[in-house]
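Below: the structure, in C-alpha cells.
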Amino acid sequence: MALATVAEFMYVKDASPDVAGVVKAATAQGAVTIAITNEASSLLAHSARHVIELHTGPERSVAATKTYTASLGAVAALVGVDPRDLAAMPEAMRRQLDCPVPEELASTWERLAVVGRGVVYGTAFEAALKLSELTGVIAAPWSSADFMHGPIAILEPGFPILAIAPSGPTLDGMRELLEAASARGADVTVISDVAGLPGRRIHLQPVPEWLSPLVSVIPAQKLAVGAAETLGRDVDHPTGLHKVTLTS
C-alpha cells in the first residue's frame with residue numbers, strides 16, 4: 001500500500017490546531033509525515049513522524065523571511081537533483097542580496113498583479129504576501145498562463161505588474177504575457193536573469209531553474225521592506241499580524 005506524505009512548514013513553537021491535527025491524524029493512519037520547522041519542540045513537530053529542523057535561529061520578524069528561504073532549501077535537499085548545485089546556493093543568495101532594487105517603487109503601488117509559473121509559481125504567492133503584509137498593497141498572485149485567460153482584462157495604463165521570470169521552459173510564455181501587458185500600458189517590473197524582456201528589470205542571479213525560488217524571492221522581499229520603510233511602517237511588526245494565527 002502506498003504511503004501518503006504530508007509536509008508542512010511551521011517556524012515557531014506553536015502551530016494552528018487544524019494544521020497539526022491533520023498531520024497527527026495522517027501519522028496515526030500510517031502516512032509518512034514530515035514537519036519542516038524551526039522549533040523541534042513545536043506541536044507540529046510532535047504530530048509528525050519525521051522532523052527536519054531548520055536551525056535558523058529565532059525569527060524575530062512577524063513576516064517570516066529567513067525561515068521561508070530555509071524551508072525552500074530543505075525541500076530542495078529532499079529533491080536532491082544535484083547536491084553540488086545546492087551547495088553553491090548560499091553564495092548565490094549573498095550575491096542576490098547585494099543586487100540593487102528600486103526599493104521605493106512598491107510604495108507607489110495600491111494594487112498589484114504578481115505572476116510566475118513553473119517552479120516560481122509559489123514565489124508569486126510569497127511575493128504578493130510579503131508586499132501585502134508590509135505595505136498594505138492589494139496584491140494578487142497568478143500563474144502567467146492563467147492570467148492570460150481572463151485577469152489580463154484588468155490591465156490598463158499604469159497598472160503595476162510584477163513578474164518572476166527566470167530562464168527555463170516557462171520563459172516564452174512569460175515573455176508573451178509581458179509583451180501583452182506592455183502593449184496595454186501596464187507598469188511592468190520583471191525579476192529575471194534574462195535581458196531584453198519588456199519592462200523594468202531587476203537582475204536575478206543565474207542559477208539552475210529548479211533552485212531559482214531560493215534567489216527569486218529575495219528581490220521581492222527587498223521591494224517590500226524598502227516600500228514599508230518609505231511609508232513609515234513597522235517592518236517587523238505589520239499592523240494586525242501575529243506570529244501565530246490560531247485557526248480551527
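Ordering of the C-alpha cells sets the chain letters (A, B, ...), residue numbers begin anew at 1 in every chain, and ligands are numbered from 1 in the order given.
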Exercise for the section: Tell me which protein, DNA and RNA residues are within 8 Å of segment 63-79 of chain A, counting only C-alpha atoms, leaving out same-chain ones fewer than 4 positions away, and put them as a ChimeraX atom specification. Expected result: /A:9,11,36-38,52,54,56,59,83,86,130,133-134,211,213-214,221,236-238,243
Export of the given selection (C-alpha atoms) as a PDB file, in the first residue's frame:
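Saved file selection.pdb follows:
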ATOM      1  CA  PHE A   9       6.066  24.352   7.396  1.00  0.00           C
ATOM      2  CA  TYR A  11       8.520  28.351  12.290  1.00  0.00           C
ATOM      3  CA  ILE A  36       9.863  21.190   8.472  1.00  0.00           C
ATOM      4  CA  THR A  37      10.232  23.519  11.426  1.00  0.00           C
ATOM      5  CA  ASN A  38      12.458  25.987  13.188  1.00  0.00           C
ATOM      6  CA  ILE A  52      13.581  18.423   9.629  1.00  0.00           C
ATOM      7  CA  LEU A  54      15.894  24.421  10.063  1.00  0.00           C
ATOM      8  CA  THR A  56      17.957  29.345  11.506  1.00  0.00           C
ATOM      9  CA  GLU A  59      12.590  34.519  13.567  1.00  0.00           C
ATOM     10  CA  PRO A  83      23.819  18.456  -4.323  1.00  0.00           C
ATOM     11  CA  LEU A  86      22.550  23.241  -3.766  1.00  0.00           C
ATOM     12  CA  LYS A 130       5.078  39.964   1.716  1.00  0.00           C
ATOM     13  CA  GLU A 133       1.793  42.317   4.807  1.00  0.00           C
ATOM     14  CA  LEU A 134       4.426  45.040   4.823  1.00  0.00           C
ATOM     15  CA  LEU A 211      16.704  26.269  -7.419  1.00  0.00           C
ATOM     16  CA  PRO A 213      12.857  30.076  -5.971  1.00  0.00           C
ATOM     17  CA  LEU A 214      15.685  30.499  -3.455  1.00  0.00           C
ATOM     18  CA  GLN A 221      11.352  40.760  -0.125  1.00  0.00           C
ATOM     19  CA  ASP A 236       8.995  43.647  11.775  1.00  0.00           C
ATOM     20  CA  HIS A 237       5.500  44.060  13.231  1.00  0.00           C
ATOM     21  CA  PRO A 238       2.955  44.820  10.487  1.00  0.00           C
ATOM     22  CA  LYS A 243       3.474  35.407  14.840  1.00  0.00           C
TER      23      LYS A 243
END
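Closest approach to Gly168 of chain A among A:Arg94, A:Arg184, A:Arg117, A:Arg200: A:Arg117, based on only C-alpha atoms.
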Exercise for the section: Taking the chain letters and numbering used in this document, name the residues of segment 74-244 of chain A that DSSP puts in helix (DSSP H, G or I), as number ranges by chain. Expected result: A: 74-79, 83-87, 89-98, 105-108, 118-135, 144-148, 151-154, 171-183, 209-230
Near segment 171-176 of chain A, 9 Å: segment 110-158 of chain A residue rows, closest pairs, only C-alpha atoms, as CSV:
residue,atom,partner,partner_atom,distance
A:Val115,CA,A:Met174,CA,8.5
A:Gly116,CA,A:Met174,CA,7.7
A:Arg117,CA,A:Met174,CA,7.8
A:Ser144,CA,A:Met174,CA,6.1
A:Ala145,CA,A:Gly173,CA,7.1
Exercise for the section: Record the distance separating atom CA of Ser132 of chain A and atom CA of Ile218 of chain A, expressed in Å with one decimal. Expected result: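 According to the coordinates, atom CA of Ser132 of chain A and atom CA of Ile218 of chain A are separated by 15.6 Å.
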Completion exercise
Of A:Ile161, A:Thr33, A:Leu223, A:Met93, the one nearest to Gln205 of chain A when counting only C-alpha atoms is A:Met93
Practice task
Give the answer as one residue: which of A:Val62, A:Ala48, A:Gly136, A:Leu112 has the shortest atom-to-atom distance to Gly232 of chain A, using only C-alpha atoms?
Solution key: A:Gly136
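Proximity to Ala153 of chain A was assessed for A:Ala20, A:Leu105, A:Ala180, A:Ile202 counting only C-alpha atoms; the smallest distance is recorded for A:Ala180.
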